[in-house]
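In what follows, a structure is listed as structure tokens, so that the remarks can point back to it.
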Amino acid sequence: MRSLLVNTREGLGIACVLASGCHVASNVEIVRPGAVTREILHDQITPGAPTVVVTPAGRLRFVEPLRCATTETVVQHATMERVLEPNTAAFVVGLVATAVGAIAVAGASFGDDPTGSPVFYAGGMGLALGLPLAIGPWIGTTHELVEGHARAPLVRAGHPEPCGERGLTARAATVSINTVDVRGKVDADGVFAIPLFALLDAYTPDKLRPLEVTAVLEDDGGASRTISTMLQIGLLAGAAPAYLASLEHHDARIETLRMVPGLVAGTLRVSLTSSSDGPAVRVLLPLQNTGPGDAWGVRGQIDSPVRAIDGRMLYFGHIAAGAVLTREILIPIAPDIASMIHNATIDVAVELRDGHGTAPETPVKFNGTVFVDAPRS
């Protein structure tokens with residue numbers, strides 16, 4: 001009997017030792033990204049394809065859009081997932097041991113002296129060892145989240161972002177706008193010298209349409225590059241009042257028409273001259289208002305087969321009854337165009353308009369030889 005007690009205690013001890021393996025503990029660190037801050041690296045710039053934009057003053061500006069590299073700093077949150085889960089291997093061993101022990105005990109019970117049978121004791125040991133292993137894995141399982149170890153922020157390269165634009169450097173440019181060619185200087189910020197309203201009617205910005213623009217830029221070394229784009233005119237239309245206000249000796253008001261004016265054109269003169277910007281065509285037109293009413297918003301637009309001077313605007317503004325106003329414009333042209341029209345016979349017409357539709361419908365015309373005038377400053 002004493003031997004049986006000793007054997008039983010030893011078996012339970014072994015079961016307790018084995019039962020300590022009833023569970024599998026695991027610690028899994030989970031790292032989740034948090035807030036992201038982006039820094040633009042203004043010293044790492046990539047220029048884009050050159051293009052043409054409109055300034056708030058209604059001028060063309062040749063630019064290359066810029067994209068800057070970025071870095072992203074990502075805050076990292078670490079969480080420790082602690083899991084105590086059943087040890088399936090222990091459960092299988094316990095299940096087998098319990099089953100074998102139960103069979104042994106049941107078999108020995110049919111003998112003459114079950115308690116004295118070694119099989120009975122072996123079966124008891126199997127039950128004592130197997131039951132804790134079969135039941136224990138499913139008791140005491142846990143799953144919890146705790147704060148993990150501090151993690152340094154993750155720094156990575158981000159997507160490039162737009163970071164402004166840069167004016168193109170050029171000495172001069174020849175710009176084709178729809179069917180008109182314009183030549184002028186380009187300043188250090190890429191702004192074209194000839195305002196768009198020198199070609200477009202600033203009194204009717206609501207009638208403007210998108211402009212097909214092709215510009216040939218020339219640098220100091222004689223090299224050139226071409227830029228083409230389609231300009232939307234929303235910003236340009238908003239610049240029209242400021243442009244009219246900037247014209248010298250020009251009254252842009254359009255007041256109520258009380259009496260009909262009588263606009264009579266003088267002689268339209270066209271000549272070739274030179275200025276500090278190079279060769280230019282000089283166009284001069286006097287207009288007299290014979291009355292009896294004042295004329296408001298008077299202007300004229302040139303029509304000519306010579307693309308270099310076609311489309312230019314002459315702005316007169318308000319012409320009081322009995323007054324005479326003369327307007328002169330200098331149109332910069334390329335040297336080869338100047339050579340072509342020097343002493344040549346050309347056609348130039350000026351279509352007159354005003355704020356109340358009282359201007360003569362017949363254009364003022366010039367048909368003659370283009371002579372050279374004295375140089376202009």
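Naming works like this for the structure tokens: A, B, ... for the chains as they're shown, residue 1 at the start of each chain, ligands 1 onward in shown order.
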
Quiz item: Using only C-alpha atoms, which residues sit within 10 Å of Leu244 in chain A once same-chain residues fewer than 4 positions away are excluded, as JSON, numbers by chain?
Solution: {"A": [197, 202, 203, 239, 240, 248, 250, 251, 252, 253, 315, 317]}

Any chance you could list, as a PDB file with N, CA, C and O atoms, in the first residue's frame, the residues in range 149-356 of chain A that come up alpha helix (DSSP H) when DSSP is run on the backbone?
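out.pdb written:
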ATOM      1  N   GLY A 234      -9.326  83.361 -68.693  1.00  0.00           N
ATOM      2  CA  GLY A 234     -10.008  83.862 -67.502  1.00  0.00           C
ATOM      3  C   GLY A 234      -9.225  84.956 -66.799  1.00  0.00           C
ATOM      4  O   GLY A 234      -9.751  86.044 -66.520  1.00  0.00           O
ATOM      5  N   LEU A 235      -7.963  84.705 -66.499  1.00  0.00           N
ATOM      6  CA  LEU A 235      -7.128  85.695 -65.819  1.00  0.00           C
ATOM      7  C   LEU A 235      -6.878  86.905 -66.708  1.00  0.00           C
ATOM      8  O   LEU A 235      -6.835  88.038 -66.248  1.00  0.00           O
ATOM      9  N   LEU A 236      -6.720  86.684 -68.004  1.00  0.00           N
ATOM     10  CA  LEU A 236      -6.461  87.774 -68.938  1.00  0.00           C
ATOM     11  C   LEU A 236      -7.624  88.751 -68.963  1.00  0.00           C
ATOM     12  O   LEU A 236      -7.435  89.971 -68.977  1.00  0.00           O
ATOM     13  N   ALA A 237      -8.851  88.253 -68.973  1.00  0.00           N
ATOM     14  CA  ALA A 237     -10.020  89.125 -69.009  1.00  0.00           C
ATOM     15  C   ALA A 237     -10.055  90.034 -67.783  1.00  0.00           C
ATOM     16  O   ALA A 237     -10.415  91.210 -67.872  1.00  0.00           O
ATOM     17  N   GLY A 238      -9.651  89.518 -66.629  1.00  0.00           N
ATOM     18  CA  GLY A 238      -9.646  90.329 -65.420  1.00  0.00           C
ATOM     19  C   GLY A 238      -8.590  91.415 -65.423  1.00  0.00           C
ATOM     20  O   GLY A 238      -8.674  92.365 -64.642  1.00  0.00           O
ATOM     21  N   ALA A 240      -7.924  93.376 -68.040  1.00  0.00           N
ATOM     22  CA  ALA A 240      -8.230  94.400 -69.046  1.00  0.00           C
ATOM     23  C   ALA A 240      -8.393  95.801 -68.447  1.00  0.00           C
ATOM     24  O   ALA A 240      -7.800  96.766 -68.962  1.00  0.00           O
ATOM     25  N   PRO A 241      -9.173  96.003 -67.377  1.00  0.00           N
ATOM     26  CA  PRO A 241      -9.319  97.365 -66.841  1.00  0.00           C
ATOM     27  C   PRO A 241      -7.986  97.967 -66.397  1.00  0.00           C
ATOM     28  O   PRO A 241      -7.732  99.159 -66.625  1.00  0.00           O
ATOM     29  N   ALA A 242      -7.138  97.156 -65.765  1.00  0.00           N
ATOM     30  CA  ALA A 242      -5.842  97.677 -65.316  1.00  0.00           C
ATOM     31  C   ALA A 242      -4.976  98.075 -66.511  1.00  0.00           C
ATOM     32  O   ALA A 242      -4.232  99.059 -66.445  1.00  0.00           O
ATOM     33  N   TYR A 243      -5.068  97.309 -67.598  1.00  0.00           N
ATOM     34  CA  TYR A 243      -4.269  97.648 -68.776  1.00  0.00           C
ATOM     35  C   TYR A 243      -4.724  98.990 -69.353  1.00  0.00           C
ATOM     36  O   TYR A 243      -3.895  99.858 -69.668  1.00  0.00           O
ATOM     37  N   LEU A 244      -6.023  99.179 -69.493  1.00  0.00           N
ATOM     38  CA  LEU A 244      -6.520 100.451 -70.042  1.00  0.00           C
ATOM     39  C   LEU A 244      -6.128 101.617 -69.141  1.00  0.00           C
ATOM     40  O   LEU A 244      -5.786 102.700 -69.626  1.00  0.00           O
ATOM     41  N   ALA A 245      -6.170 101.401 -67.824  1.00  0.00           N
ATOM     42  CA  ALA A 245      -5.802 102.470 -66.896  1.00  0.00           C
ATOM     43  C   ALA A 245      -4.318 102.806 -66.974  1.00  0.00           C
ATOM     44  O   ALA A 245      -3.908 103.921 -66.620  1.00  0.00           O
ATOM     45  N   SER A 246      -3.493 101.866 -67.448  1.00  0.00           N
ATOM     46  CA  SER A 246      -2.045 102.100 -67.512  1.00  0.00           C
ATOM     47  C   SER A 246      -1.618 102.884 -68.754  1.00  0.00           C
ATOM     48  O   SER A 246      -0.480 103.346 -68.827  1.00  0.00           O
ATOM     49  N   PRO A 335      14.800  91.443 -87.965  1.00  0.00           N
ATOM     50  CA  PRO A 335      15.571  92.058 -89.059  1.00  0.00           C
ATOM     51  C   PRO A 335      15.198  91.521 -90.444  1.00  0.00           C
ATOM     52  O   PRO A 335      15.173  92.291 -91.417  1.00  0.00           O
ATOM     53  N   ASP A 336      14.899  90.230 -90.562  1.00  0.00           N
ATOM     54  CA  ASP A 336      14.549  89.706 -91.881  1.00  0.00           C
ATOM     55  C   ASP A 336      13.206  90.240 -92.367  1.00  0.00           C
ATOM     56  O   ASP A 336      13.004  90.459 -93.571  1.00  0.00           O
ATOM     57  N   ILE A 337      12.263  90.489 -91.439  1.00  0.00           N
ATOM     58  CA  ILE A 337      10.977  91.089 -91.816  1.00  0.00           C
ATOM     59  C   ILE A 337      11.194  92.531 -92.259  1.00  0.00           C
ATOM     60  O   ILE A 337      10.587  93.003 -93.234  1.00  0.00           O
ATOM     61  N   ALA A 338      12.088  93.247 -91.548  1.00  0.00           N
ATOM     62  CA  ALA A 338      12.388  94.630 -91.930  1.00  0.00           C
ATOM     63  C   ALA A 338      12.971  94.686 -93.335  1.00  0.00           C
ATOM     64  O   ALA A 338      12.608  95.556 -94.141  1.00  0.00           O
ATOM     65  N   SER A 339      13.860  93.761 -93.655  1.00  0.00           N
ATOM     66  CA  SER A 339      14.440  93.734 -95.005  1.00  0.00           C
ATOM     67  C   SER A 339      13.377  93.428 -96.059  1.00  0.00           C
ATOM     68  O   SER A 339      13.411  93.974 -97.172  1.00  0.00           O
ATOM     69  N   MET A 340      12.410  92.593 -95.707  1.00  0.00           N
ATOM     70  CA  MET A 340      11.383  92.202 -96.666  1.00  0.00           C
ATOM     71  C   MET A 340      10.454  93.360 -97.014  1.00  0.00           C
ATOM     72  O   MET A 340      10.059  93.543 -98.177  1.00  0.00           O
ATOM     73  N   ILE A 341      10.077  94.180 -96.006  1.00  0.00           N
ATOM     74  CA  ILE A 341       9.097  95.242 -96.281  1.00  0.00           C
ATOM     75  C   ILE A 341       9.751  96.583 -96.611  1.00  0.00           C
ATOM     76  O   ILE A 341       9.057  97.521 -96.998  1.00  0.00           O
TER      77      ILE A 341
END

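Counting only C-alpha atoms, range 47-52 of chain A has the following residues at most 10 Å away, ignoring those fewer than 5 positions along the same chain: Leu60, Arg61, Phe62, Val63, Glu64, Pro65, Leu66, Arg67, Cys68, Pro162, Cys163, Gly164, Glu165, Arg166, Gly167, Leu168, Gly190, Val191, Val213, Thr214, Ala215, Arg225, Thr226, Ile227, Ser228, Thr229, Met230 and Leu231 of chain A.
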
Quiz prompt | Pairwise distance for CA of Arg269 in chain A and CA of Arg282 in chain A, rounded to one decimal in Å | solution = 7.8 Å

Quiz item: What is the CA of Thr73 in chain A to CA of Val31 in chain A distance in Å?
Solution: 15.0 Å

Quiz item: Tell me, which residues of range 247-334 of chain A carry DSSP strand (DSSP E), written as a ChimeraX atom specification?
Solution: /A:263-265,269-275,278-289,295-303,313-319,324-332

Considering only C-alpha atoms, return as a CSV table (one decimal) with C-alpha atoms, in the first residue's frame whatever protein or nucleic-acid residues lie within 6 Å of Pro261 in chain A, sequence-local ones (same chain, fewer than 3 positions apart) excluded.
chain,number,residue,atom,x,y,z
A,291,GLY,CA,-19.5,116.1,-83.2
A,292,PRO,CA,-21.9,116.9,-82.1
A,293,GLY,CA,-21.5,114.2,-79.4
A,294,ASP,CA,-18.5,112.9,-77.6
A,295,ALA,CA,-17.0,109.5,-78.7

List as a short mmCIF file (atom, residue, chain, number, x, y, z; two decimals) with C-alpha atoms, in the first residue's frame the protein and nucleic acid residues near Pro360 in chain A, meaning an atom at most 12 Å away when only C-alpha atoms are counted, but skip any in the same chain fewer than 5 places from it.
data_model
loop_
_atom_site.label_atom_id
_atom_site.label_comp_id
_atom_site.auth_asym_id
_atom_site.auth_seq_id
_atom_site.Cartn_x
_atom_site.Cartn_y
_atom_site.Cartn_z
CA VAL A 260 -23.98 111.00 -81.98
CA PRO A 261 -20.30 111.77 -82.66
CA GLY A 262 -18.77 112.00 -86.11
CA LEU A 263 -15.41 110.24 -86.36
CA VAL A 264 -13.33 111.21 -89.37
CA ALA A 265 -9.96 109.54 -89.98
CA LEU A 287 -8.87 110.85 -85.69
CA ASN A 289 -14.53 113.99 -83.88
CA ALA A 295 -17.03 109.53 -78.75
CA VAL A 298 -12.59 104.53 -79.44
CA ARG A 299 -9.96 102.10 -80.70
CA GLY A 300 -8.76 100.56 -83.92
CA VAL A 350 -7.47 99.87 -89.43
CA GLU A 351 -10.94 98.80 -88.34
CA LEU A 352 -12.43 101.44 -86.02
CA ARG A 353 -14.66 100.64 -83.04
CA ASP A 354 -16.20 102.59 -80.18
#

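Using only C-alpha atoms, the residues found no farther than 9 Å from Gly184 in chain A, other than those of its own chain fewer than 6 positions away, are Arg171, Ala172, Ala173, Thr174, Val175, Phe192, Ala193, Ile194, Asp277, Ile331, Pro332 and Ile333 of chain A.
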
Could you write out that same residue set with N, CA and C atoms as a CSV table (one decimal), in the first residue's frame?
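Okay, this is what ended up in part.csv:
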chain,number,residue,atom,x,y,z
A,171,ARG,N,16.8,86.4,-74.6
A,171,ARG,CA,17.0,87.8,-75.0
A,171,ARG,C,15.8,88.4,-75.7
A,172,ALA,N,15.1,87.6,-76.5
A,172,ALA,CA,13.9,88.1,-77.2
A,172,ALA,C,13.1,86.9,-77.5
A,173,ALA,N,11.9,87.1,-78.0
A,173,ALA,CA,11.0,86.0,-78.4
A,173,ALA,C,10.1,86.5,-79.6
A,174,THR,N,9.8,85.6,-80.4
A,174,THR,CA,8.8,85.8,-81.5
A,174,THR,C,7.6,84.9,-81.1
A,175,VAL,N,6.5,85.5,-80.9
A,175,VAL,CA,5.3,84.8,-80.4
A,175,VAL,C,4.2,84.8,-81.5
A,192,PHE,N,7.3,88.7,-71.2
A,192,PHE,CA,7.4,89.2,-72.6
A,192,PHE,C,7.0,90.7,-72.6
A,193,ALA,N,7.8,91.5,-73.4
A,193,ALA,CA,7.6,92.9,-73.3
A,193,ALA,C,6.3,93.4,-73.9
A,194,ILE,N,5.7,92.7,-74.9
A,194,ILE,CA,4.5,93.1,-75.6
A,194,ILE,C,3.3,92.6,-74.8
A,277,ASP,N,15.3,98.8,-79.4
A,277,ASP,CA,15.0,97.4,-79.5
A,277,ASP,C,15.2,96.7,-80.8
A,331,ILE,N,6.0,98.9,-83.7
A,331,ILE,CA,5.8,97.5,-83.7
A,331,ILE,C,7.2,96.9,-83.9
A,332,PRO,N,7.8,96.3,-82.9
A,332,PRO,CA,9.1,95.6,-83.1
A,332,PRO,C,9.0,94.5,-84.1
A,333,ILE,N,9.9,94.4,-85.0
A,333,ILE,CA,9.9,93.3,-86.0
A,333,ILE,C,11.4,92.7,-86.1

Quiz item: How many Å lie between CA of Asn178 in chain A and CA of Val370 in chain A, rounded to one decimal?
Solution: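 Computed distance, CA of Asn178 in chain A to CA of Val370 in chain A, equals 25.6 Å.
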
Self-check item: Non-local contacts of Val75 in chain A (6 Å; only C-alpha atoms; under 3 positions in same chain excluded) as a count of residues only
Solution: 4
